[in-house]
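Asker: Pasting data.json here (JSON, C-alpha atoms):
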```
[["chain", "number", "residue", "atom", "x", "y", "z"],
["P", 223, "MET", "CA", 11.49, -39.31, -9.24],
["P", 224, "ARG", "CA", 10.78, -43.02, -8.79],
["P", 225, "LYS", "CA", 8.12, -42.83, -6.12],
["P", 226, "ALA", "CA", 4.85, -40.96, -6.17],
["P", 227, "LYS", "CA", 4.73, -37.53, -4.59],
["P", 228, "PRO", "CA", 4.07, -37.59, -0.84],
["P", 229, "LYS", "CA", 0.55, -36.70, 0.27],
["P", 230, "LYS", "CA", -0.09, -33.18, 1.49],
["P", 231, "ARG", "CA", -0.84, -33.21, 5.19],
["P", 232, "VAL", "CA", -4.09, -31.57, 6.22],
["P", 233, "VAL", "CA", -3.60, -28.88, 8.86],
["P", 234, "LEU", "CA", -6.51, -28.78, 11.30],
["P", 235, "PRO", "CA", -8.12, -25.37, 11.87],
["P", 236, "ASP", "CA", -7.35, -23.55, 15.12],
["P", 237, "PRO", "CA", -9.79, -23.79, 18.07],
["P", 238, "VAL", "CA", -10.72, -20.09, 18.41],
["P", 239, "PHE", "CA", -11.14, -18.78, 14.85],
["P", 240, "GLY", "CA", -11.51, -22.09, 12.99],
["P", 241, "ASP", "CA", -8.88, -20.93, 10.47],
["P", 242, "GLN", "CA", -6.21, -23.14, 8.89],
["P", 243, "LYS", "CA", -3.92, -20.17, 8.23],
["P", 244, "VAL", "CA", -3.75, -19.46, 11.97],
["P", 245, "SER", "CA", -2.78, -23.10, 12.64],
["P", 246, "LYS", "CA", 0.01, -22.94, 10.05],
["P", 247, "PHE", "CA", 1.30, -19.71, 11.59],
["P", 248, "VAL", "CA", 1.26, -21.22, 15.08],
["P", 249, "ASN", "CA", 3.13, -24.27, 13.77],
["P", 250, "HIS", "CA", 5.87, -21.97, 12.42],
["P", 251, "LEU", "CA", 5.92, -20.09, 15.74],
["P", 252, "MET", "CA", 6.25, -23.26, 17.82],
["P", 253, "TYR", "CA", 9.44, -24.33, 19.57],
["P", 254, "ASP", "CA", 10.04, -27.88, 20.91],
["P", 255, "GLY", "CA", 6.49, -29.05, 20.26],
["P", 256, "LYS", "CA", 4.98, -26.49, 22.65],
["P", 257, "LYS", "CA", 1.86, -25.79, 20.63],
["P", 258, "ASN", "CA", -0.25, -24.50, 23.56],
["P", 259, "THR", "CA", 2.43, -21.92, 24.34],
["P", 260, "SER", "CA", 2.46, -20.86, 20.68],
["P", 261, "TYR", "CA", -1.32, -20.50, 20.63],
["P", 262, "SER", "CA", -1.26, -18.38, 23.78],
["P", 263, "ILE", "CA", 1.47, -16.14, 22.30],
["P", 264, "PHE", "CA", -0.52, -15.69, 19.08],
["P", 265, "TYR", "CA", -3.85, -14.96, 20.78],
["P", 266, "ASN", "CA", -2.19, -12.55, 23.26],
["P", 267, "ALA", "CA", -0.55, -10.77, 20.32],
["P", 268, "LEU", "CA", -3.97, -10.38, 18.66],
["P", 269, "ASP", "CA", -5.39, -9.00, 21.94],
["P", 270, "ILE", "CA", -2.57, -6.44, 22.05],
["P", 271, "VAL", "CA", -3.27, -5.51, 18.41],
["P", 272, "LYS", "CA", -6.97, -5.11, 19.28],
["P", 273, "SER", "CA", -6.23, -2.80, 22.20],
["P", 274, "LYS", "CA", -3.69, -0.67, 20.30],
["P", 275, "MET", "CA", -5.62, -0.39, 17.02],
["P", 276, "GLU", "CA", -9.12, 0.40, 18.31],
["P", 277, "SER", "CA", -9.56, 3.06, 15.62],
["P", 278, "GLU", "CA", -9.50, 0.35, 12.91],
["P", 279, "GLU", "CA", -12.90, -1.06, 11.96],
["P", 280, "LYS", "CA", -11.35, -4.46, 11.16],
["P", 281, "SER", "CA", -11.06, -7.35, 13.62],
["P", 282, "PRO", "CA", -7.55, -8.29, 14.86],
["P", 283, "LEU", "CA", -7.66, -11.45, 12.71],
["P", 284, "GLU", "CA", -8.38, -9.38, 9.58],
["P", 285, "ILE", "CA", -5.57, -6.98, 10.53],
["P", 286, "TRP", "CA", -3.20, -9.98, 10.86],
["P", 287, "LYS", "CA", -4.29, -11.38, 7.49],
["P", 288, "GLN", "CA", -3.83, -7.97, 5.82],
["P", 289, "ALA", "CA", -0.38, -7.68, 7.43],
["P", 290, "LEU", "CA", 0.57, -11.11, 6.03],
["P", 291, "ASP", "CA", -0.64, -10.06, 2.57],
["P", 292, "ASN", "CA", 1.45, -6.89, 2.80],
["P", 293, "ILE", "CA", 4.66, -8.84, 3.47],
["P", 294, "THR", "CA", 4.03, -11.68, 0.98],
["P", 295, "PRO", "CA", 6.64, -11.62, -1.80],
["P", 296, "MET", "CA", 5.62, -12.30, -5.42],
["P", 297, "VAL", "CA", 9.08, -13.13, -6.83],
["P", 298, "GLU", "CA", 12.37, -14.38, -5.46],
["P", 299, "VAL", "CA", 15.84, -14.95, -6.87],
["P", 300, "LYS", "CA", 17.38, -18.41, -7.10],
["P", 301, "SER", "CA", 21.05, -19.08, -7.81],
["P", 302, "ARG", "CA", 21.62, -20.93, -11.07],
["P", 303, "ARG", "CA", 25.01, -22.00, -12.36],
["P", 304, "ILE", "CA", 25.51, -21.64, -16.09],
["P", 305, "GLY", "CA", 28.91, -22.18, -17.72],
["P", 306, "GLY", "CA", 31.00, -21.47, -14.64],
["P", 307, "ALA", "CA", 29.11, -18.31, -13.72],
["P", 308, "THR", "CA", 26.40, -18.11, -11.08],
["P", 309, "PHE", "CA", 23.37, -16.01, -11.94],
["P", 310, "GLN", "CA", 20.63, -14.80, -9.65],
["P", 311, "VAL", "CA", 17.55, -15.82, -11.65],
["P", 312, "PRO", "CA", 14.21, -14.23, -10.67],
["P", 313, "THR", "CA", 11.37, -16.75, -10.39],
["P", 314, "GLU", "CA", 7.77, -16.50, -9.32],
["P", 315, "ILE", "CA", 6.88, -18.18, -6.03],
["P", 316, "ARG", "CA", 4.25, -20.92, -5.66],
["P", 317, "ALA", "CA", 1.22, -20.02, -3.54],
["P", 318, "GLY", "CA", 2.11, -22.37, -0.68],
["P", 319, "ARG", "CA", 5.67, -21.10, -0.50],
["P", 320, "LYS", "CA", 4.51, -17.46, -0.59],
["P", 321, "GLU", "CA", 2.42, -18.05, 2.51],
["P", 322, "SER", "CA", 5.19, -19.95, 4.25],
["P", 323, "VAL", "CA", 7.88, -17.36, 3.46],
["P", 324, "SER", "CA", 5.72, -14.46, 4.67],
["P", 325, "MET", "CA", 4.90, -16.25, 7.95],
["P", 326, "LYS", "CA", 8.54, -17.17, 8.57],
["P", 327, "ASN", "CA", 9.67, -13.61, 7.85],
["P", 328, "MET", "CA", 7.10, -12.12, 10.23],
["P", 329, "ILE", "CA", 8.11, -14.50, 13.03],
["P", 330, "ALA", "CA", 11.86, -14.06, 12.42],
["P", 331, "PHE", "CA", 11.66, -10.27, 12.54],
["P", 332, "ALA", "CA", 9.36, -10.37, 15.58],
["P", 333, "ARG", "CA", 11.96, -12.51, 17.39],
["P", 334, "LYS", "CA", 14.72, -10.04, 16.52],
["P", 335, "ARG", "CA", 12.78, -7.09, 17.94],
["P", 336, "GLY", "CA", 13.50, -5.56, 21.29],
["P", 337, "GLY", "CA", 10.55, -5.98, 23.60],
["P", 338, "LYS", "CA", 9.28, -7.60, 26.72],
["P", 339, "SER", "CA", 7.34, -10.71, 25.72],
["P", 340, "MET", "CA", 7.11, -12.57, 22.44],
["P", 341, "ALA", "CA", 3.40, -11.66, 22.24],
["P", 342, "GLU", "CA", 4.27, -7.94, 22.38],
["P", 343, "LYS", "CA", 7.04, -8.32, 19.80],
["P", 344, "LEU", "CA", 4.71, -10.24, 17.47],
["P", 345, "ALA", "CA", 1.94, -7.66, 17.94],
["P", 346, "ALA", "CA", 4.36, -4.84, 17.09],
["P", 347, "GLU", "CA", 5.51, -6.69, 13.95],
["P", 348, "ILE", "CA", 1.89, -7.33, 12.90],
["P", 349, "MET", "CA", 1.01, -3.64, 13.29],
["P", 350, "ASP", "CA", 4.14, -2.57, 11.38],
["P", 351, "ALA", "CA", 3.40, -5.01, 8.55],
["P", 352, "TYR", "CA", -0.21, -3.78, 8.44],
["P", 353, "ASN", "CA", 1.11, -0.23, 8.01],
["P", 354, "ASN", "CA", 3.62, -1.28, 5.30],
["P", 355, "GLN", "CA", 6.72, -0.85, 7.42],
["P", 356, "GLY", "CA", 8.98, -2.91, 9.69],
["P", 357, "GLY", "CA", 11.59, -5.59, 9.06],
["P", 358, "ALA", "CA", 9.40, -8.16, 7.31],
["P", 359, "TYR", "CA", 8.04, -5.56, 4.87],
["P", 360, "LYS", "CA", 11.58, -4.34, 4.17],
["P", 361, "ARG", "CA", 12.63, -7.96, 3.43],
["P", 362, "LYS", "CA", 9.83, -8.27, 0.87],
["P", 363, "GLU", "CA", 10.88, -4.99, -0.77],
["P", 364, "ASP", "CA", 14.50, -6.20, -0.90],
["P", 365, "MET", "CA", 13.44, -9.47, -2.55],
["P", 366, "HIS", "CA", 11.48, -7.56, -5.18],
["P", 367, "ARG", "CA", 14.38, -5.16, -5.75],
["P", 368, "MET", "CA", 16.81, -8.06, -6.24],
["P", 369, "ALA", "CA", 14.45, -9.71, -8.73],
["P", 370, "GLU", "CA", 14.03, -6.44, -10.63],
["P", 371, "ALA", "CA", 17.80, -5.86, -10.75],
["P", 372, "ASN", "CA", 18.37, -9.36, -12.18],
["P", 373, "ARG", "CA", 15.48, -9.31, -14.63],
["P", 374, "ALA", "CA", 17.95, -9.62, -17.50],
["P", 375, "PHE", "CA", 18.61, -13.24, -16.43],
["P", 376, "ALA", "CA", 14.94, -14.24, -16.40],
["P", 377, "HIS", "CA", 15.41, -16.27, -19.59],
["P", 378, "PHE", "CA", 17.55, -18.73, -17.55],
["P", 379, "ARG", "CA", 14.41, -19.76, -15.65],
["P", 380, "PHE", "CA", 14.06, -23.49, -15.13]]
```
Show the structure stored in the file as structure tokens.

Answerer:
Amino acid sequence: MRKAKPKKRVVLPDPVFGDQKVSKFVNHLMYDGKKNTSYSIFYNALDIVKSKMESEEKSPLEIWKQALDNITPMVEVKSRRIGGATFQVPTEIRAGRKESVSMKNMIAFARKRGGKSMAEKLAAEIMDAYNNQGGAYKRKEDMHRMAEANRAFAHFRF
């Protein structure tokens, strides 16, 4: 690469919890630059989680963070072409990408869900991920299974 690497942009913490992770999540959730709408969806989803999971001693934010941890993949497979054949090579994921992939998966599977509002769909996905079930958790398991199945090609790592 000729030029220097571009600077990492600093994401400002969110107004309610003062957490950068929440801001990143809201940025992934956002459509058409409607950040206020995204914040309201996220906070409403946490309120729904709070009302439905009163038995838990954790705060809704901690439940959301635990849910994200539960659906964060450790390895992924990348296609690599060697001598005319394409191999699925398992590679470990960088920390930043892990976070990004888990957030995108949670939002994608929340959008696919049947439900009334996006806040309710997101709340349901958060609760499922917290309990190690749901679409996003299944995606993580599938990624790990694929990496395990192709472990023989790990020596092609780049």

Asker: So which residues touch Ile315 in chain P within 9 Å, counting only C-alpha atoms, skipping near sequence neighbours fewer than 4 positions away, as a list of chain:residue names?

Answerer: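 After dropping sequence-adjacent residues, the list is P:Pro295, P:Met296, P:Val297, P:Glu298, P:Arg319, P:Lys320.
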
Asker: Which residues, protein or nucleic acid, reach to within 12 Å of (15.4, -9.2, -5.3) in the file's coordinates when using only C-alpha atoms, and can you give that as a PyMOL selection string?

Answerer: chain P and resi 295-301+310-314+360-373

Asker: Nearest to Val232 in chain P: which of P:Ser245, P:Thr259, P:His377, P:Phe331 is it, counting only C-alpha atoms?

Answerer: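 Of P:Ser245, P:Thr259, P:His377, P:Phe331, the one nearest Val232 in chain P is P:Ser245, counting only C-alpha atoms.
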
Asker: Between CA of Leu251 in chain P and CA of Lys274 in chain P, measure the distance and give it in Å to one decimal.

Answerer: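 CA of Lys274 in chain P lies 22.1 Å from CA of Leu251 in chain P.
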
Asker: With distances taken over all atoms listed in the file, which of P:Ile348, P:Met340, P:Ala317, P:Ile329 is nearest to Asn292 in chain P?

Answerer: P:Ile348
